[in-house]
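Q: Compact mmCIF, C-alpha atoms and all ligand atoms, saved as my_file.txt, coming up:
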# COMPACT_ATOMS: atom_id res chain seq x y z
CA MET A 30 10.93 -11.72 25.39
CA ILE A 31 10.92 -12.35 21.64
CA ILE A 32 13.18 -9.47 20.62
CA ASP A 33 15.62 -7.73 22.90
CA MET A 34 18.14 -5.24 21.58
CA GLU A 35 20.52 -3.97 24.21
CA LYS A 36 22.70 -0.95 23.50
CA VAL A 37 22.90 -1.90 19.84
CA SER A 38 24.95 0.35 17.59
CA PHE A 39 25.43 0.04 13.87
CA SER A 40 27.00 1.94 11.02
CA TYR A 41 27.57 0.98 7.41
CA SER A 42 31.26 0.83 6.62
CA GLY A 43 32.79 4.25 6.89
CA GLY A 44 29.47 5.96 7.58
CA LYS A 45 28.12 7.63 10.68
CA ALA A 46 26.12 5.69 13.26
CA VAL A 47 22.71 4.63 11.91
CA LEU A 48 21.80 3.16 15.31
CA ASP A 49 23.46 4.58 18.40
CA SER A 50 23.19 2.41 21.50
CA VAL A 51 19.59 1.46 20.91
CA ASP A 52 17.47 -0.44 23.44
CA PHE A 53 14.35 -1.96 21.96
CA GLN A 54 12.12 -4.87 22.96
CA LEU A 55 9.17 -6.82 21.66
CA ARG A 56 7.36 -9.05 24.13
CA GLY A 57 5.01 -11.88 23.26
CA LYS A 58 2.42 -10.94 20.68
CA GLN A 59 2.95 -7.20 20.96
CA LYS A 60 2.20 -5.22 17.81
CA ILE A 61 4.61 -2.35 17.45
CA GLY A 62 4.70 0.43 14.88
CA LEU A 63 7.95 2.16 13.93
CA ILE A 64 8.04 5.57 12.34
CA GLY A 65 10.90 7.85 11.40
CA PRO A 66 12.17 10.06 8.60
CA ASN A 67 13.68 8.59 5.43
CA GLY A 68 17.19 7.34 6.08
CA SER A 69 16.70 7.17 9.86
CA GLY A 70 17.54 3.46 10.03
CA LYS A 71 14.14 1.72 10.10
CA SER A 72 15.03 -0.85 7.44
CA THR A 73 18.48 -1.27 8.95
CA LEU A 74 16.93 -2.15 12.30
CA LEU A 75 14.83 -4.88 10.65
CA TYR A 76 17.91 -6.19 8.76
CA LEU A 77 19.82 -6.41 12.05
CA LEU A 78 17.02 -8.52 13.52
CA MET A 79 17.25 -10.87 10.52
CA GLY A 80 21.05 -11.03 10.75
CA LEU A 81 21.42 -9.46 7.31
CA GLN A 82 23.68 -6.89 8.98
CA LYS A 83 25.57 -7.39 12.23
CA PRO A 84 25.74 -4.80 15.03
CA SER A 85 29.01 -3.00 15.60
CA ALA A 86 28.28 -3.00 19.34
CA GLY A 87 25.63 -4.26 21.73
CA ILE A 88 23.65 -7.47 22.02
CA ILE A 89 20.65 -8.78 20.10
CA ARG A 90 18.69 -11.52 21.86
CA LEU A 91 15.98 -13.40 19.99
CA PHE A 92 13.64 -15.82 21.73
CA GLY A 93 15.70 -15.41 24.86
CA LYS A 94 19.12 -16.21 23.40
CA PRO A 95 21.91 -13.95 22.17
CA VAL A 96 22.40 -14.16 18.39
CA ARG A 97 25.80 -13.30 17.03
CA THR A 98 26.95 -15.69 14.36
CA GLU A 99 25.45 -16.60 11.01
CA ALA A 100 24.62 -20.04 12.46
CA ASP A 101 22.64 -18.38 15.29
CA PHE A 102 20.67 -16.31 12.79
CA GLN A 103 20.00 -19.26 10.52
CA LEU A 104 17.99 -20.78 13.35
CA THR A 105 16.10 -17.62 14.25
CA ARG A 106 15.35 -16.67 10.62
CA ARG A 107 12.98 -19.61 10.41
CA ARG A 108 10.97 -18.12 13.21
CA ILE A 109 10.96 -14.47 12.10
CA GLY A 110 9.45 -13.30 8.84
CA LEU A 111 10.54 -10.10 7.09
CA LEU A 112 8.33 -8.57 4.43
CA PHE A 113 10.72 -6.47 2.35
CA GLN A 114 9.63 -3.04 1.23
CA ASN A 115 10.09 -4.12 -2.38
CA ALA A 116 8.25 -7.37 -3.17
CA ASP A 117 10.67 -8.03 -6.04
CA ASP A 118 13.37 -8.59 -3.41
CA GLN A 119 11.28 -11.43 -2.02
CA LEU A 120 10.02 -13.18 -5.15
CA PHE A 121 12.32 -15.08 -7.45
CA SER A 122 10.48 -18.14 -8.81
CA PRO A 123 8.70 -18.27 -12.18
CA THR A 124 5.29 -19.09 -10.72
CA VAL A 125 3.44 -18.08 -7.57
CA ILE A 126 3.12 -21.63 -6.21
CA GLU A 127 6.86 -22.25 -6.60
CA ASP A 128 7.65 -19.08 -4.72
CA VAL A 129 5.27 -19.86 -1.86
CA ALA A 130 6.32 -23.53 -1.60
CA PHE A 131 10.03 -22.63 -1.71
CA GLY A 132 10.45 -22.02 2.03
CA PRO A 133 8.76 -25.24 3.19
CA LEU A 134 10.66 -27.25 0.54
CA ASN A 135 13.88 -25.65 1.69
CA LEU A 136 13.15 -26.86 5.23
CA GLY A 137 12.85 -30.40 3.90
CA MET A 138 9.10 -30.71 3.56
CA ARG A 139 8.03 -33.24 0.93
CA PRO A 140 6.92 -31.60 -2.35
CA PRO A 141 3.21 -32.62 -2.26
CA ARG A 142 2.87 -31.41 1.34
CA ALA A 143 4.75 -28.16 0.60
CA ARG A 144 2.51 -27.50 -2.40
CA GLN A 145 -0.59 -28.19 -0.35
CA LYS A 146 0.58 -25.85 2.39
CA ALA A 147 1.40 -23.16 -0.15
CA LYS A 148 -2.05 -23.56 -1.67
CA GLU A 149 -3.75 -23.23 1.71
CA THR A 150 -1.74 -20.11 2.51
CA LEU A 151 -2.69 -18.52 -0.82
CA GLU A 152 -6.33 -19.32 -0.11
CA LYS A 153 -6.15 -17.66 3.30
CA LEU A 154 -4.81 -14.50 1.67
CA GLY A 155 -7.57 -14.45 -0.93
CA LEU A 156 -5.24 -15.61 -3.71
CA THR A 157 -7.06 -18.77 -4.75
CA GLY A 158 -6.36 -19.45 -8.41
CA PHE A 159 -3.03 -17.60 -8.39
CA GLU A 160 -0.96 -20.80 -8.15
CA GLU A 161 0.22 -20.94 -11.75
CA ARG A 162 0.37 -17.20 -12.37
CA ILE A 163 3.71 -15.83 -13.55
CA THR A 164 5.15 -13.97 -10.58
CA HIS A 165 6.82 -11.13 -12.45
CA LEU A 166 3.62 -10.33 -14.34
CA LEU A 167 1.57 -9.69 -11.20
CA SER A 168 0.48 -6.19 -10.19
CA GLY A 169 2.26 -4.43 -7.32
CA GLY A 170 -0.54 -5.27 -4.88
CA GLU A 171 -0.68 -8.92 -5.96
CA LYS A 172 3.10 -9.23 -5.64
CA LYS A 173 2.92 -7.80 -2.13
CA LEU A 174 0.28 -10.35 -1.10
CA VAL A 175 2.27 -13.21 -2.65
CA ALA A 176 5.39 -11.98 -0.84
CA LEU A 177 3.37 -12.06 2.39
CA ALA A 178 2.27 -15.61 1.51
CA THR A 179 5.91 -16.73 1.13
CA ILE A 180 6.42 -15.62 4.73
CA LEU A 181 3.18 -16.75 6.34
CA VAL A 182 3.53 -20.25 4.86
CA MET A 183 6.51 -20.61 7.21
CA GLU A 184 4.28 -19.86 10.22
CA PRO A 185 6.61 -17.27 11.73
CA GLU A 186 6.40 -16.43 15.42
CA VAL A 187 7.01 -12.77 14.73
CA LEU A 188 6.59 -10.71 11.60
CA LEU A 189 8.59 -7.66 10.52
CA LEU A 190 7.02 -5.45 7.85
CA ASP A 191 8.97 -2.76 6.02
CA GLU A 192 6.55 -0.13 4.71
CA PRO A 193 4.01 -2.79 3.72
CA THR A 194 1.50 -0.38 2.15
CA THR A 195 3.77 2.02 0.29
CA GLY A 196 2.60 2.45 -3.29
CA LEU A 197 -0.35 0.08 -2.96
CA ASP A 198 -3.97 0.80 -3.82
CA GLU A 199 -6.48 1.25 -1.05
CA GLU A 200 -8.09 -2.16 -1.50
CA THR A 201 -4.77 -3.97 -1.04
CA CYS A 202 -3.94 -1.78 1.98
CA ILE A 203 -7.22 -2.72 3.62
CA ARG A 204 -6.63 -6.38 2.82
CA ILE A 205 -3.18 -6.27 4.39
CA MET A 206 -4.67 -4.52 7.39
CA GLU A 207 -7.25 -7.29 7.79
CA ILE A 208 -4.62 -10.02 7.40
CA LEU A 209 -2.41 -8.40 10.05
CA ASN A 210 -5.33 -8.07 12.43
CA GLU A 211 -6.11 -11.76 12.10
CA LEU A 212 -2.53 -12.79 12.84
CA ASP A 213 -2.00 -13.95 16.37
CA ILE A 214 1.73 -13.16 16.51
CA GLY A 215 3.97 -10.23 17.39
CA THR A 216 4.69 -7.71 14.66
CA ILE A 217 6.94 -4.73 14.01
CA THR A 218 5.52 -2.55 11.27
CA VAL A 219 7.57 0.24 9.73
CA SER A 220 5.26 2.74 8.08
CA HIS A 221 4.67 6.41 7.37
CA GLU A 222 0.93 5.79 7.20
CA TYR A 223 -0.38 6.79 10.59
CA ASP A 224 -3.89 5.49 10.10
CA PHE A 225 -2.57 2.12 9.00
CA LEU A 226 -0.43 1.95 12.15
CA ALA A 227 -3.32 3.10 14.31
CA ARG A 228 -5.35 0.16 13.01
CA THR A 229 -2.68 -2.56 13.06
CA THR A 230 -0.47 -1.80 16.07
CA GLN A 231 -0.78 -1.10 19.78
CA GLN A 232 2.24 1.06 20.42
CA VAL A 233 4.36 3.26 18.26
CA PHE A 234 8.06 4.00 18.53
CA SER A 235 9.98 6.53 16.53
CA ILE A 236 13.54 6.43 15.36
CA ARG A 237 15.57 9.56 14.84
CA GLN A 238 19.26 10.34 14.79
CA GLY A 239 20.19 6.84 15.84
CA LYS A 240 17.87 6.70 18.85
CA ILE A 241 14.54 4.99 19.39
CA GLY A 242 11.88 6.53 21.60
CA PHE A 243 8.42 5.49 22.70
CA ASN A 244 5.81 7.64 21.02
CA GLY A 245 2.67 6.45 22.71
CA SER A 246 -0.21 4.12 22.21
CA SER A 247 -1.37 3.71 18.61
CA ALA A 248 -4.90 4.80 19.48
CA GLU A 249 -3.51 8.27 20.21
CA LEU A 250 -1.63 8.28 16.95
CA HIS A 251 -4.63 9.54 15.06
CA SER A 252 -2.94 12.92 15.22
CA HIS A 253 -2.19 13.77 11.65
CA TYR A 254 -3.22 15.80 8.71
CA HIS A 255 -6.27 14.66 6.83
CA ILE A 256 -9.39 15.80 5.11
CA HIS A 257 -11.66 17.72 7.43
CA ARG A 258 -11.86 21.14 8.93
CA ALA A 259 -8.91 20.49 11.24
CA GLY A 260 -7.14 18.82 8.37
CA THR A 261 -4.15 21.08 8.05
CA VAL A 262 -3.57 21.22 11.79
CA PRO A 263 -1.90 18.31 13.57
CA HIS A 264 -4.38 17.15 16.17
CA VAL A 265 -5.22 14.31 18.51
CA HIS A 266 -8.57 12.58 18.44
CA PRO A 267 -9.30 11.59 22.03
CA TYR A 268 -11.14 8.41 21.20
CA SER A 269 -10.29 4.80 20.61
CA GLN A 270 -10.15 2.96 17.29
CA SER A 271 -13.55 1.38 17.82
CA ASP A 272 -15.34 4.72 18.21
CA ASP A 273 -15.26 6.72 15.03
CA THR A 274 -17.11 9.73 16.38
CA ASP A 275 -14.69 12.47 15.59
CA PRO A 276 -15.01 15.58 17.69
CA ALA A 277 -12.60 17.49 15.45
CA SER A 278 -14.36 16.75 12.20
CA ASN A 279 -17.52 18.88 12.37
CA GLY A 280 -19.05 16.22 10.23
CA ASP A 281 -17.30 17.02 6.97
CA ASP A 282 -15.40 14.67 4.71
CA HIS A 283 -13.94 12.49 7.41
CA GLY A 284 -13.11 9.04 6.13
CA LYS A 285 -14.76 5.86 7.36
CA PRO A 286 -12.60 3.42 9.32
CA GLY A 287 -10.13 1.88 6.97
CA LEU A 288 -10.86 4.15 4.08
CA ASP A 289 -8.46 6.83 5.12
CA ALA A 290 -5.77 4.21 5.59
CA ARG A 291 -3.56 5.97 3.13
CA ALA A 292 -3.92 9.48 4.48
CA ARG A 293 -0.60 11.24 4.27
CA LYS A 294 0.87 14.46 5.41
CA PRO A 295 0.48 17.14 2.79
CA LYS A 296 3.60 18.05 0.86
N1 LIG B 1 24.04 -0.68 2.08
C1 LIG B 1 24.27 0.54 2.58
N2 LIG B 1 25.52 1.07 2.58
C2 LIG B 1 25.75 2.27 3.11
N3 LIG B 1 24.83 3.06 3.67
C3 LIG B 1 23.56 2.60 3.70
C4 LIG B 1 23.22 1.31 3.15
N4 LIG B 1 21.89 1.11 3.34
C5 LIG B 1 21.43 2.21 3.96
N5 LIG B 1 22.42 3.09 4.18
C6 LIG B 1 22.30 4.39 4.87
O1 LIG B 1 21.93 4.13 6.22
C7 LIG B 1 20.95 5.06 6.68
C8 LIG B 1 19.70 4.32 7.15
O2 LIG B 1 19.08 3.70 6.03
P1 LIG B 1 17.74 2.87 6.15
O3 LIG B 1 17.84 1.92 7.26
O4 LIG B 1 17.47 2.33 4.80
O5 LIG B 1 16.69 4.03 6.53
P2 LIG B 1 15.09 4.03 6.47
O6 LIG B 1 14.64 2.63 6.25
O7 LIG B 1 14.67 4.61 7.79
O8 LIG B 1 14.72 4.95 5.35
C9 LIG B 1 20.73 6.03 5.53
O9 LIG B 1 21.55 7.14 5.74
C10 LIG B 1 21.17 5.23 4.32
O10 LIG B 1 21.64 6.09 3.31
MG MG B 2 13.55 1.81 4.71
Spell out the structure here as C-alpha cells.

A:
Amino acid sequence: MIIDMEKVSFSYSGGKAVLDSVDFQLRGKQKIGLIGPNGSGKSTLLYLLMGLQKPSAGIIRLFGKPVRTEADFQLTRRRIGLLFQNADDQLFSPTVIEDVAFGPLNLGMRPPRARQKAKETLEKLGLTGFEERITHLLSGGEKKLVALATILVMEPEVLLLDEPTTGLDEETCIRIMEILNELDIGTITVSHEYDFLARTTQQVFSIRQGKIGFNGSSAELHSHYHIHRAGTVPHVHPYSQSDDTDPASNGDDHGKPGLDARARKPK
C-alpha cells in the first residue's frame, strides 16, 4: 500500500472540518481521479499527503509506514511528487535548467550529472531547447510542463496532480494526458475535467462535505454534458475508452478521443 489514510480529519485553524474521518487508499500503480466542488478539500488532501499540513486526527501511512513528524515527511517527499495547481508555486529559478536540476542537486547529485538528468527529463517532455529559457517568461502551458519536469526528474514513485489542465490550451492538455499515460507509477489526479480523468485514471472518487466516496470506474465517467444531441442531459456511455462508438451521439459533433478533453459542464 503506497498511500493509506485512516480516519483522517483536518480543519484549518478555527474552521470547520475540511476532512472528516476520511479513509482513502492508493495501492501500487493505481491511477485514481478525485473530483469535488470548489472548496471541498481536494488540494488539502494532497497537502496532507505531502506533509504540508498535518491531520488533526487519524493516521497517514506512506509506503507502509506511519508518517507524523516533519522528519518522516522529509523522507517520503522524495518519493512523492506534487504538481501544484499553479505552476508559479513550483518554479523559482531564473532559467528552466536550473529549476529542473534543483531537486537532484538538492539531493546531493553532482552538478554535471544533475544537469544531464534535467536535460534528459526536458527532452522526454518535448522541451528540448528550453534549457536556458527564462522561467517567468514562459507561457502557462510551458510553465506547467516545466513544473512537471521538476517533479519527474526526481523519479517519484507516486504522483499527485492538482487540477493539472485548468486554464491550459488543448494541445498542452493532450500532451499532459500522453505523459501521464506513459508513466508507470501510481497517480492521484484532482480535476473537474471528466474526459481528462476518463483517459488518465482507472477509478474516480469524489469528495464532498468532508467525506470521500468511490464514484466508479473511470470508463463509466463519460457521463457529462458535451456537444451532441444528448449534450445537455447527463448520460452514461456504456462503452470503454478504446471504443469511441457513441450510441448517444447520433453522429453529430461528438469529439474525437482526446479532443474533447476540456469538455466542461455548461454554466
Ligand atoms: N490556508 C487556509 N486557511 C484557512 N482555510 C483554508 C486554507 N486553505 C483552504 N482553506 C479552506 O479549506 C477548504 C478546502 O479548501 P481546498 O482544499 O483548497 O479545496 P479544493 O481544492 O477542493 O477547492 C475551503 O473551505 C477553503 O476555503
Ligand atoms: Mg484546490

Q: Which one is closest to ligand LIG 1 (chain B): A:Ile61, A:Leu81, A:Val129, A:Leu151? Count all atoms listed in the file.

A: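 Nearest candidate to ligand LIG 1 (chain B) out of A:Ile61, A:Leu81, A:Val129, A:Leu151: A:Leu81.
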
Q: What gap, in Å, lies between atom N3 of ligand LIG 1 (chain B) and atom CA of Lys60 of chain A?

A: 27.9 Å

Q: Using all atoms listed in the file, find each residue in chain A having at least one atom no more than 8 Å away from ligand LIG 1 (chain B); report its shortest atom-to-atom pair and that distance in Å (one decimal), rows by chain then rising number, as CSV.

A:
residue,atom,partner,partner_atom,distance
A:Ser40,CA,B:LIG1,O1,7.3
A:Tyr41,CA,B:LIG1,C2,4.8
A:Ser42,CA,B:LIG1,C2,6.7
A:Gly44,CA,B:LIG1,N3,6.7
A:Val47,CA,B:LIG1,C7,5.5
A:Gly65,CA,B:LIG1,O7,6.1
A:Pro66,CA,B:LIG1,O7,6.1
A:Asn67,CA,B:LIG1,O8,3.8
A:Gly68,CA,B:LIG1,O5,3.4
A:Ser69,CA,B:LIG1,O7,3.9
A:Gly70,CA,B:LIG1,O3,3.2
A:Lys71,CA,B:LIG1,O7,3.7
A:Ser72,CA,B:LIG1,O6,3.7
A:Thr73,CA,B:LIG1,O3,3.7
A:Leu74,CA,B:LIG1,O3,6.5
A:Asp191,CA,B:LIG1,O6,7.8
A:Ile236,CA,B:LIG1,O7,7.9

Q: Neighbouring residues of segment 167-181 of chain A were defined as those with any atom within 6 Å, considering all atoms listed in the file; residues of the same chain fewer than 3 positions away were excluded. Please report them as a PyMOL selection string.

A: chain A and resi 110+116+129+164+184+197+201

Q: Can you tell me which residues surround Ile64 of chain A at a distance of at most 12 Å, considering all atoms listed in the file, apart from same-chain residues fewer than 5 positions away, and format the answer as an NGL selection string?

A: :A and (69-72 or 74 or 190-192 or 217-223 or 225-227 or 230 or 232-237 or 240-245 or 247 or 250)

Q: Between atom CA of Val125 of chain A and atom CA of Leu75 of chain A, measure the distance and give it in Å to one decimal.

A: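 These atoms are spaced 25.2 Å apart.
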
Q: Nearest residue to ligand MG 2 (chain B) out of A:Leu91, A:Ser122, A:Ala46, A:Leu63, using only C-alpha atoms and all ligand atoms?

A: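 Residue with the minimum atom-to-atom distance to ligand MG 2 (chain B): A:Leu63.
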
Q: With distances taken over only C-alpha atoms and all ligand atoms, which residue among A:Gly57, A:Asn115, A:Thr105, A:Ile208 lies nearest ligand MG 2 (chain B)?

A: A:Asn115

Q: What is the distance between atom CA of Lys58 of chain A and atom CA of Gly93 of chain A, in Å to one decimal?

A: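 These atoms are spaced 14.6 Å apart.
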
Q: Up to 6 Å from (4.0, -18.8, -9.7) in the file's coordinates: name the residues, counting all atoms listed in the file, as a PDB file with C-alpha atoms, in the frame of the given file.

A:
ATOM      1  CA  PRO A 123       8.700 -18.270 -12.180  1.00  0.00           C
ATOM      2  CA  THR A 124       5.290 -19.090 -10.720  1.00  0.00           C
ATOM      3  CA  VAL A 125       3.440 -18.080  -7.570  1.00  0.00           C
ATOM      4  CA  ILE A 126       3.120 -21.630  -6.210  1.00  0.00           C
ATOM      5  CA  GLU A 127       6.860 -22.250  -6.600  1.00  0.00           C
ATOM      6  CA  GLU A 160      -0.960 -20.800  -8.150  1.00  0.00           C
ATOM      7  CA  GLU A 161       0.220 -20.940 -11.750  1.00  0.00           C
ATOM      8  CA  ARG A 162       0.370 -17.200 -12.370  1.00  0.00           C
ATOM      9  CA  ILE A 163       3.710 -15.830 -13.550  1.00  0.00           C
ATOM     10  CA  THR A 164       5.150 -13.970 -10.580  1.00  0.00           C
TER      11      THR A 164
END

Q: Can you work out which one of A:Ala147, A:Ile88, A:Leu112, A:Val51 has the shortest atom-to-atom distance to ligand MG 2 (chain B), counting all atoms listed in the file?

A: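 Nearest to ligand MG 2 (chain B): A:Leu112.
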
Q: Using all atoms listed in the file, which residue out of A:Glu35, A:Thr195, A:Asp213, A:Glu186 lies closest to ligand MG 2 (chain B)?

A: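 Nearest to ligand MG 2 (chain B): A:Thr195.
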
Q: Report as an MDAnalysis selection string all protein, DNA and RNA residues lying within 12 Å of Met138 of chain A, evaluated on all atoms listed in the file, omitting residues in the same chain fewer than 6 positions from it.

A: chainID A and resid 130:132 144:147 182:183

Q: When you look at Gln54 of chain A with a cut-off of 8 Å (counting only C-alpha atoms), what residues show up, excluding the ones that are within fewer than 3 positions of it in the same chain? I need them as a list in words.

A: Met30, Ile31, Ile32, Asp33 and Met34 of chain A

Q: Name the closest residue to ligand MG 2 (chain B) among the candidates A:Arg228, A:Glu149, A:Pro193, A:Thr157; distances are taken between atoms, counting all atoms listed in the file.

A: A:Pro193
